[in-house]
Number of protein chains: 2
Amino acid sequence: MLRLCTLLAVGGLLLAALPCRADDQDVIDYRTHVMKTMGEQLDAIGMILENKAPPDNFATHMKVLAVTATQAKKAFEPKVVGGNSKPEVWANWADFSKRLDELAANTAELATAAQHESVTAIGGKMRSALKCKSCHDTYRMPLK
Amino acid sequence: MLRLCTLLAVGGLLLAALPCRADDQDVIDYRTHVMKTMGEQLDAIGMILENKAPPDNFATHMKVLAVTATQAKKAFEPKVVGGNSKPEVWANWADFSKRLDELAANTAELATAAQHESVTAIGGKMRSALKCKSCHDTYRMPLK
């Protein structure tokens, strides 16, 4: 964040309409930003479910989760092994990609429901709707 | 994220309708999750502006930024000095809170514009619409 803020502040940002020239580390960094966004919002949601944070933002956390889930497929499309991703992401792209589609669809449903249902009700639905652990076990390198 | 995923997976999440019982560290953790979400999405936006990531998700990154900005005020309301926040956040709450309102309003405008304007156009508007550096200089502890 600091980096973009500094660029904006000094007015030095190059806003050229050039084709994307991402190197491998850029590809890894970009998808990491997307996954970390979901992680931060899931942590916030978890705190609300455990009564460790006020419930006021619950519906917007679900909304952010749902919108961010739609970013993941484009972020993982380039076949660049590295970061926390196992090679299986691209070896089994049809399955991985289908799981991302399901994640986007399921979080969208949860976000809509969260606009009028209780935190408790949505928390209960998350258990069957989100398969993070199963997907991470298959496609993410074990965290150190 | 792992923590919530594990809780969901083992079905051990307590979904009691209890009042929020956040201790000081919870308060700090919660607002940190909100600010880090914005940081991750701003980094992704910065990569697109520098042509280091594809522009496909640009409008949704702006949307996530805007929705997350609305979460910040509730997260900072409890007066708990610590984390990266200077005591000035609460000593000058009227100013800090006004800045958060402006952040929410300005990111909402950018997100709407991003639905039909180019990445380049929105990048140019961000420079005047977002005051992250000024606010961080005043209210955030220097990062180590």
# chains A, B, ... in the order shown; residues from 1 in each chain; ligands from 1

$ calpha_fit_and_write --fixed "chain B" --moving "chain A" --output "short mmCIF file (atom, residue, chain, number, x, y, z; two decimals) with N, CA and C atoms, in the first residue's frame"
data_model
loop_
_atom_site.label_atom_id
_atom_site.label_comp_id
_atom_site.auth_asym_id
_atom_site.auth_seq_id
_atom_site.Cartn_x
_atom_site.Cartn_y
_atom_site.Cartn_z
N MET A 1 -6.81 -16.63 8.08
CA MET A 1 -7.75 -17.39 7.25
C MET A 1 -7.75 -18.86 7.66
N LEU A 2 -6.55 -19.40 7.83
CA LEU A 2 -6.42 -20.79 8.21
C LEU A 2 -7.26 -21.10 9.44
N ARG A 3 -7.23 -20.15 10.37
CA ARG A 3 -7.90 -20.38 11.65
C ARG A 3 -9.39 -20.57 11.46
N LEU A 4 -10.02 -19.66 10.69
CA LEU A 4 -11.45 -19.80 10.47
C LEU A 4 -11.74 -21.05 9.67
N CYS A 5 -10.90 -21.33 8.69
CA CYS A 5 -11.11 -22.52 7.86
C CYS A 5 -11.10 -23.77 8.74
N THR A 6 -10.15 -23.83 9.64
CA THR A 6 -10.06 -25.00 10.52
C THR A 6 -11.30 -25.08 11.42
N LEU A 7 -11.70 -23.94 11.94
CA LEU A 7 -12.88 -23.93 12.80
C LEU A 7 -14.10 -24.41 12.03
N LEU A 8 -14.22 -23.94 10.78
CA LEU A 8 -15.36 -24.35 9.97
C LEU A 8 -15.28 -25.85 9.68
N ALA A 9 -14.07 -26.32 9.40
CA ALA A 9 -13.90 -27.71 9.00
C ALA A 9 -14.23 -28.67 10.14
N VAL A 10 -13.83 -28.31 11.36
CA VAL A 10 -14.08 -29.21 12.47
C VAL A 10 -15.44 -28.96 13.11
N GLY A 11 -16.10 -27.95 12.62
CA GLY A 11 -17.45 -27.70 13.11
C GLY A 11 -17.47 -27.23 14.55
N GLY A 12 -16.36 -26.69 15.00
CA GLY A 12 -16.28 -26.32 16.41
C GLY A 12 -16.58 -24.86 16.68
N LEU A 13 -17.07 -24.17 15.67
CA LEU A 13 -17.29 -22.74 15.85
C LEU A 13 -18.48 -22.48 16.77
N LEU A 14 -18.23 -21.65 17.74
CA LEU A 14 -19.30 -21.29 18.66
C LEU A 14 -20.11 -20.16 18.05
N LEU A 15 -21.35 -20.43 17.73
CA LEU A 15 -22.16 -19.41 17.08
C LEU A 15 -23.18 -18.84 18.05
N ALA A 16 -22.72 -18.57 19.24
CA ALA A 16 -23.62 -18.06 20.26
C ALA A 16 -23.96 -16.60 19.99
N ALA A 17 -25.17 -16.23 20.27
CA ALA A 17 -25.58 -14.83 20.09
C ALA A 17 -25.22 -14.04 21.34
N LEU A 18 -23.94 -13.95 21.58
CA LEU A 18 -23.46 -13.26 22.78
C LEU A 18 -23.05 -11.85 22.42
N PRO A 19 -23.03 -10.94 23.39
CA PRO A 19 -22.51 -9.61 23.10
C PRO A 19 -21.02 -9.70 22.77
N CYS A 20 -20.56 -8.74 22.00
CA CYS A 20 -19.16 -8.70 21.61
C CYS A 20 -18.28 -8.60 22.85
N ARG A 21 -17.32 -9.51 22.97
CA ARG A 21 -16.43 -9.48 24.13
C ARG A 21 -14.98 -9.36 23.67
N ALA A 22 -14.73 -8.28 22.93
CA ALA A 22 -13.40 -8.05 22.39
C ALA A 22 -12.47 -7.51 23.46
N ASP A 23 -11.27 -8.10 23.59
CA ASP A 23 -10.27 -7.48 24.45
C ASP A 23 -9.44 -6.53 23.59
N ASP A 24 -8.46 -5.86 24.20
CA ASP A 24 -7.72 -4.83 23.47
C ASP A 24 -7.01 -5.39 22.22
N GLN A 25 -6.44 -6.58 22.37
CA GLN A 25 -5.73 -7.15 21.21
C GLN A 25 -6.72 -7.48 20.09
N ASP A 26 -7.92 -7.92 20.45
CA ASP A 26 -8.95 -8.18 19.43
C ASP A 26 -9.28 -6.90 18.66
N VAL A 27 -9.42 -5.82 19.40
CA VAL A 27 -9.74 -4.53 18.75
C VAL A 27 -8.65 -4.16 17.75
N ILE A 28 -7.41 -4.32 18.19
CA ILE A 28 -6.27 -4.00 17.30
C ILE A 28 -6.25 -4.95 16.10
N ASP A 29 -6.45 -6.24 16.37
CA ASP A 29 -6.42 -7.22 15.28
C ASP A 29 -7.51 -6.94 14.24
N TYR A 30 -8.69 -6.60 14.74
CA TYR A 30 -9.81 -6.39 13.82
C TYR A 30 -9.53 -5.21 12.88
N ARG A 31 -9.11 -4.09 13.44
CA ARG A 31 -8.87 -2.94 12.55
C ARG A 31 -7.67 -3.21 11.63
N THR A 32 -6.71 -4.03 12.11
CA THR A 32 -5.58 -4.38 11.26
C THR A 32 -6.05 -5.20 10.05
N HIS A 33 -7.00 -6.10 10.26
CA HIS A 33 -7.53 -6.88 9.13
C HIS A 33 -8.18 -5.95 8.10
N VAL A 34 -8.88 -4.96 8.58
CA VAL A 34 -9.55 -4.03 7.65
C VAL A 34 -8.51 -3.22 6.86
N MET A 35 -7.51 -2.68 7.57
CA MET A 35 -6.51 -1.86 6.87
C MET A 35 -5.66 -2.71 5.93
N LYS A 36 -5.34 -3.94 6.35
CA LYS A 36 -4.53 -4.81 5.47
C LYS A 36 -5.32 -5.19 4.22
N THR A 37 -6.62 -5.34 4.35
CA THR A 37 -7.44 -5.63 3.16
C THR A 37 -7.27 -4.50 2.14
N MET A 38 -7.38 -3.27 2.63
CA MET A 38 -7.22 -2.14 1.72
C MET A 38 -5.81 -2.13 1.13
N GLY A 39 -4.83 -2.45 1.96
CA GLY A 39 -3.45 -2.47 1.49
C GLY A 39 -3.24 -3.48 0.36
N GLU A 40 -3.79 -4.69 0.55
CA GLU A 40 -3.63 -5.72 -0.48
C GLU A 40 -4.30 -5.29 -1.79
N GLN A 41 -5.48 -4.71 -1.69
CA GLN A 41 -6.18 -4.31 -2.91
C GLN A 41 -5.51 -3.11 -3.56
N LEU A 42 -4.99 -2.19 -2.75
CA LEU A 42 -4.25 -1.06 -3.32
C LEU A 42 -2.98 -1.53 -4.01
N ASP A 43 -2.33 -2.54 -3.44
CA ASP A 43 -1.14 -3.09 -4.10
C ASP A 43 -1.52 -3.70 -5.45
N ALA A 44 -2.65 -4.41 -5.48
CA ALA A 44 -3.11 -5.01 -6.75
C ALA A 44 -3.42 -3.90 -7.76
N ILE A 45 -4.08 -2.85 -7.30
CA ILE A 45 -4.41 -1.72 -8.17
C ILE A 45 -3.12 -1.07 -8.70
N GLY A 46 -2.16 -0.90 -7.81
CA GLY A 46 -0.87 -0.33 -8.20
C GLY A 46 -0.19 -1.17 -9.28
N MET A 47 -0.27 -2.50 -9.16
CA MET A 47 0.34 -3.37 -10.16
C MET A 47 -0.34 -3.20 -11.52
N ILE A 48 -1.66 -3.04 -11.52
CA ILE A 48 -2.37 -2.85 -12.79
C ILE A 48 -1.97 -1.50 -13.40
N LEU A 49 -1.89 -0.47 -12.56
CA LEU A 49 -1.50 0.86 -13.07
C LEU A 49 -0.09 0.86 -13.65
N GLU A 50 0.74 -0.05 -13.15
CA GLU A 50 2.10 -0.14 -13.68
C GLU A 50 2.23 -1.23 -14.76
N ASN A 51 1.09 -1.72 -15.23
CA ASN A 51 1.08 -2.77 -16.27
C ASN A 51 1.77 -4.06 -15.81
N LYS A 52 1.76 -4.31 -14.52
CA LYS A 52 2.37 -5.54 -14.01
C LYS A 52 1.33 -6.61 -13.70
N ALA A 53 0.08 -6.28 -13.90
CA ALA A 53 -1.01 -7.25 -13.72
C ALA A 53 -2.07 -6.91 -14.77
N PRO A 54 -2.85 -7.91 -15.19
CA PRO A 54 -3.86 -7.64 -16.22
C PRO A 54 -4.95 -6.72 -15.67
N PRO A 55 -5.55 -5.91 -16.52
CA PRO A 55 -6.51 -4.91 -16.05
C PRO A 55 -7.91 -5.46 -15.80
N ASP A 56 -8.12 -6.74 -16.07
CA ASP A 56 -9.48 -7.31 -16.04
C ASP A 56 -10.22 -7.08 -14.72
N ASN A 57 -9.50 -7.17 -13.61
CA ASN A 57 -10.14 -7.05 -12.29
C ASN A 57 -10.16 -5.62 -11.76
N PHE A 58 -9.73 -4.67 -12.55
CA PHE A 58 -9.53 -3.31 -12.02
C PHE A 58 -10.79 -2.76 -11.33
N ALA A 59 -11.91 -2.86 -12.02
CA ALA A 59 -13.15 -2.29 -11.44
C ALA A 59 -13.52 -3.01 -10.14
N THR A 60 -13.29 -4.32 -10.07
CA THR A 60 -13.65 -5.02 -8.82
C THR A 60 -12.67 -4.69 -7.70
N HIS A 61 -11.40 -4.42 -8.05
CA HIS A 61 -10.48 -3.97 -6.98
C HIS A 61 -10.97 -2.64 -6.39
N MET A 62 -11.41 -1.74 -7.26
CA MET A 62 -11.91 -0.46 -6.77
C MET A 62 -13.16 -0.67 -5.91
N LYS A 63 -13.97 -1.64 -6.31
CA LYS A 63 -15.19 -1.94 -5.55
C LYS A 63 -14.84 -2.46 -4.15
N VAL A 64 -13.90 -3.39 -4.10
CA VAL A 64 -13.48 -3.95 -2.80
C VAL A 64 -12.92 -2.84 -1.91
N LEU A 65 -12.12 -1.98 -2.52
CA LEU A 65 -11.53 -0.86 -1.77
C LEU A 65 -12.65 0.00 -1.16
N ALA A 66 -13.65 0.29 -1.97
CA ALA A 66 -14.75 1.16 -1.52
C ALA A 66 -15.56 0.50 -0.41
N VAL A 67 -15.86 -0.77 -0.55
CA VAL A 67 -16.66 -1.45 0.49
C VAL A 67 -15.83 -1.57 1.77
N THR A 68 -14.56 -1.89 1.63
CA THR A 68 -13.71 -2.03 2.82
C THR A 68 -13.56 -0.69 3.54
N ALA A 69 -13.49 0.39 2.77
CA ALA A 69 -13.37 1.71 3.40
C ALA A 69 -14.53 1.98 4.35
N THR A 70 -15.70 1.44 4.04
CA THR A 70 -16.86 1.65 4.92
C THR A 70 -16.73 0.88 6.24
N GLN A 71 -15.80 -0.08 6.27
CA GLN A 71 -15.64 -0.89 7.50
C GLN A 71 -14.74 -0.20 8.52
N ALA A 72 -13.96 0.78 8.06
CA ALA A 72 -12.89 1.30 8.91
C ALA A 72 -13.40 2.04 10.15
N LYS A 73 -14.45 2.84 10.01
CA LYS A 73 -14.86 3.68 11.15
C LYS A 73 -15.28 2.83 12.34
N LYS A 74 -16.09 1.83 12.08
CA LYS A 74 -16.51 0.95 13.19
C LYS A 74 -15.28 0.26 13.81
N ALA A 75 -14.31 -0.08 12.97
CA ALA A 75 -13.13 -0.79 13.47
C ALA A 75 -12.26 0.10 14.36
N PHE A 76 -12.25 1.39 14.09
CA PHE A 76 -11.41 2.31 14.86
C PHE A 76 -12.15 2.96 16.02
N GLU A 77 -13.45 2.77 16.10
CA GLU A 77 -14.22 3.45 17.16
C GLU A 77 -13.71 3.16 18.58
N PRO A 78 -13.45 1.90 18.92
CA PRO A 78 -13.00 1.67 20.31
C PRO A 78 -11.64 2.30 20.55
N LYS A 79 -11.55 3.08 21.59
CA LYS A 79 -10.28 3.78 21.87
C LYS A 79 -9.29 2.82 22.50
N VAL A 80 -8.54 2.17 21.65
CA VAL A 80 -7.49 1.26 22.12
C VAL A 80 -6.22 1.64 21.38
N VAL A 81 -5.34 2.36 22.07
CA VAL A 81 -4.07 2.74 21.46
C VAL A 81 -3.22 1.49 21.30
N GLY A 82 -2.53 1.38 20.19
CA GLY A 82 -1.69 0.20 19.97
C GLY A 82 -1.69 -0.19 18.51
N GLY A 83 -0.99 -1.26 18.21
CA GLY A 83 -0.82 -1.63 16.81
C GLY A 83 -0.08 -0.51 16.11
N ASN A 84 -0.53 -0.14 14.94
CA ASN A 84 0.14 0.94 14.20
C ASN A 84 -0.52 2.30 14.40
N SER A 85 -1.51 2.37 15.28
CA SER A 85 -2.26 3.62 15.42
C SER A 85 -1.63 4.54 16.46
N LYS A 86 -1.46 5.79 16.10
CA LYS A 86 -1.00 6.79 17.07
C LYS A 86 -2.18 7.20 17.96
N PRO A 87 -1.88 7.68 19.17
CA PRO A 87 -2.96 8.14 20.07
C PRO A 87 -3.78 9.27 19.45
N GLU A 88 -3.20 9.95 18.47
CA GLU A 88 -3.90 11.07 17.81
C GLU A 88 -5.21 10.62 17.15
N VAL A 89 -5.30 9.34 16.80
CA VAL A 89 -6.55 8.84 16.19
C VAL A 89 -7.74 9.22 17.07
N TRP A 90 -7.57 9.01 18.37
CA TRP A 90 -8.70 9.26 19.28
C TRP A 90 -8.66 10.66 19.89
N ALA A 91 -7.45 11.23 20.00
CA ALA A 91 -7.34 12.61 20.47
C ALA A 91 -7.98 13.57 19.47
N ASN A 92 -7.85 13.24 18.18
CA ASN A 92 -8.44 14.07 17.12
C ASN A 92 -9.53 13.29 16.38
N TRP A 93 -10.38 12.61 17.13
CA TRP A 93 -11.35 11.71 16.52
C TRP A 93 -12.22 12.40 15.47
N ALA A 94 -12.61 13.64 15.72
CA ALA A 94 -13.48 14.33 14.75
C ALA A 94 -12.79 14.43 13.40
N ASP A 95 -11.51 14.78 13.41
CA ASP A 95 -10.78 14.89 12.15
C ASP A 95 -10.55 13.52 11.53
N PHE A 96 -10.10 12.57 12.35
CA PHE A 96 -9.81 11.22 11.83
C PHE A 96 -11.06 10.60 11.22
N SER A 97 -12.13 10.74 11.95
CA SER A 97 -13.40 10.15 11.52
C SER A 97 -13.90 10.81 10.23
N LYS A 98 -13.70 12.12 10.13
CA LYS A 98 -14.09 12.84 8.91
C LYS A 98 -13.25 12.33 7.72
N ARG A 99 -11.99 12.06 7.98
CA ARG A 99 -11.13 11.55 6.90
C ARG A 99 -11.59 10.17 6.44
N LEU A 100 -12.03 9.36 7.40
CA LEU A 100 -12.53 8.03 7.01
C LEU A 100 -13.81 8.15 6.19
N ASP A 101 -14.66 9.10 6.57
CA ASP A 101 -15.88 9.34 5.79
C ASP A 101 -15.53 9.77 4.36
N GLU A 102 -14.53 10.64 4.26
CA GLU A 102 -14.10 11.09 2.93
C GLU A 102 -13.51 9.94 2.12
N LEU A 103 -12.74 9.10 2.81
CA LEU A 103 -12.17 7.93 2.13
C LEU A 103 -13.29 7.05 1.56
N ALA A 104 -14.30 6.82 2.37
CA ALA A 104 -15.42 5.98 1.93
C ALA A 104 -16.15 6.63 0.75
N ALA A 105 -16.38 7.93 0.85
CA ALA A 105 -17.10 8.63 -0.22
C ALA A 105 -16.28 8.66 -1.51
N ASN A 106 -14.98 8.96 -1.37
CA ASN A 106 -14.14 9.09 -2.56
C ASN A 106 -13.89 7.75 -3.24
N THR A 107 -13.70 6.71 -2.45
CA THR A 107 -13.50 5.39 -3.08
C THR A 107 -14.80 4.90 -3.72
N ALA A 108 -15.93 5.24 -3.13
CA ALA A 108 -17.21 4.86 -3.74
C ALA A 108 -17.36 5.53 -5.11
N GLU A 109 -16.99 6.81 -5.18
CA GLU A 109 -17.05 7.52 -6.48
C GLU A 109 -16.11 6.88 -7.49
N LEU A 110 -14.90 6.57 -7.05
CA LEU A 110 -13.93 5.94 -7.95
C LEU A 110 -14.44 4.58 -8.44
N ALA A 111 -15.05 3.83 -7.53
CA ALA A 111 -15.54 2.50 -7.90
C ALA A 111 -16.66 2.60 -8.93
N THR A 112 -17.52 3.59 -8.78
CA THR A 112 -18.59 3.79 -9.76
C THR A 112 -17.99 4.20 -11.10
N ALA A 113 -17.05 5.13 -11.06
CA ALA A 113 -16.42 5.59 -12.30
C ALA A 113 -15.67 4.46 -12.99
N ALA A 114 -15.07 3.57 -12.19
CA ALA A 114 -14.26 2.49 -12.77
C ALA A 114 -15.10 1.49 -13.56
N GLN A 115 -16.41 1.55 -13.39
CA GLN A 115 -17.26 0.62 -14.14
C GLN A 115 -17.32 1.01 -15.62
N HIS A 116 -17.05 2.28 -15.94
CA HIS A 116 -17.15 2.66 -17.35
C HIS A 116 -15.97 3.49 -17.84
N GLU A 117 -15.09 3.93 -16.91
CA GLU A 117 -13.93 4.71 -17.35
C GLU A 117 -12.68 3.82 -17.41
N SER A 118 -11.67 4.29 -18.11
CA SER A 118 -10.46 3.48 -18.31
C SER A 118 -9.61 3.44 -17.04
N VAL A 119 -8.76 2.44 -17.02
CA VAL A 119 -7.79 2.31 -15.92
C VAL A 119 -6.95 3.59 -15.82
N THR A 120 -6.53 4.10 -16.94
CA THR A 120 -5.70 5.31 -16.95
C THR A 120 -6.44 6.50 -16.34
N ALA A 121 -7.71 6.64 -16.73
CA ALA A 121 -8.50 7.76 -16.20
C ALA A 121 -8.66 7.66 -14.69
N ILE A 122 -8.97 6.47 -14.22
CA ILE A 122 -9.18 6.29 -12.77
C ILE A 122 -7.86 6.46 -12.02
N GLY A 123 -6.79 5.95 -12.59
CA GLY A 123 -5.48 6.13 -11.96
C GLY A 123 -5.18 7.61 -11.75
N GLY A 124 -5.51 8.41 -12.74
CA GLY A 124 -5.29 9.86 -12.62
C GLY A 124 -6.14 10.47 -11.52
N LYS A 125 -7.39 10.01 -11.42
CA LYS A 125 -8.28 10.56 -10.38
C LYS A 125 -7.87 10.14 -8.97
N MET A 126 -7.25 8.96 -8.87
CA MET A 126 -6.87 8.47 -7.54
C MET A 126 -5.92 9.42 -6.84
N ARG A 127 -5.09 10.06 -7.64
CA ARG A 127 -4.07 10.93 -7.05
C ARG A 127 -4.68 12.03 -6.20
N SER A 128 -5.77 12.62 -6.67
CA SER A 128 -6.38 13.69 -5.88
C SER A 128 -7.43 13.14 -4.91
N ALA A 129 -7.99 11.97 -5.21
CA ALA A 129 -9.10 11.46 -4.39
C ALA A 129 -8.63 10.76 -3.12
N LEU A 130 -7.45 10.14 -3.18
CA LEU A 130 -6.98 9.37 -2.02
C LEU A 130 -5.86 10.11 -1.30
N LYS A 131 -6.05 10.24 -0.02
CA LYS A 131 -5.06 10.97 0.79
C LYS A 131 -4.34 10.01 1.74
N CYS A 132 -4.06 8.79 1.29
CA CYS A 132 -3.52 7.80 2.23
C CYS A 132 -2.27 8.31 2.93
N LYS A 133 -1.34 8.88 2.16
CA LYS A 133 -0.05 9.25 2.76
C LYS A 133 -0.23 10.32 3.84
N SER A 134 -1.04 11.33 3.53
CA SER A 134 -1.26 12.41 4.49
C SER A 134 -1.87 11.86 5.78
N CYS A 135 -2.83 10.96 5.64
CA CYS A 135 -3.50 10.40 6.82
C CYS A 135 -2.54 9.49 7.60
N HIS A 136 -1.78 8.67 6.87
CA HIS A 136 -0.82 7.79 7.54
C HIS A 136 0.25 8.61 8.27
N ASP A 137 0.73 9.67 7.63
CA ASP A 137 1.76 10.50 8.26
C ASP A 137 1.27 11.07 9.59
N THR A 138 -0.01 11.38 9.64
CA THR A 138 -0.57 11.99 10.84
C THR A 138 -0.98 10.97 11.90
N TYR A 139 -1.54 9.85 11.45
CA TYR A 139 -2.21 8.95 12.40
C TYR A 139 -1.61 7.56 12.54
N ARG A 140 -0.63 7.24 11.70
CA ARG A 140 -0.05 5.90 11.80
C ARG A 140 1.38 5.97 12.32
N MET A 141 1.75 5.01 13.17
CA MET A 141 3.13 4.92 13.65
C MET A 141 4.02 4.66 12.44
N PRO A 142 5.23 5.23 12.44
CA PRO A 142 6.15 4.94 11.33
C PRO A 142 6.38 3.42 11.22
N LEU A 143 6.30 2.89 10.02
CA LEU A 143 6.51 1.45 9.84
C LEU A 143 8.00 1.14 9.98
N LYS A 144 8.27 -0.02 10.61
CA LYS A 144 9.69 -0.38 10.81
C LYS A 144 10.23 -1.05 9.54
#
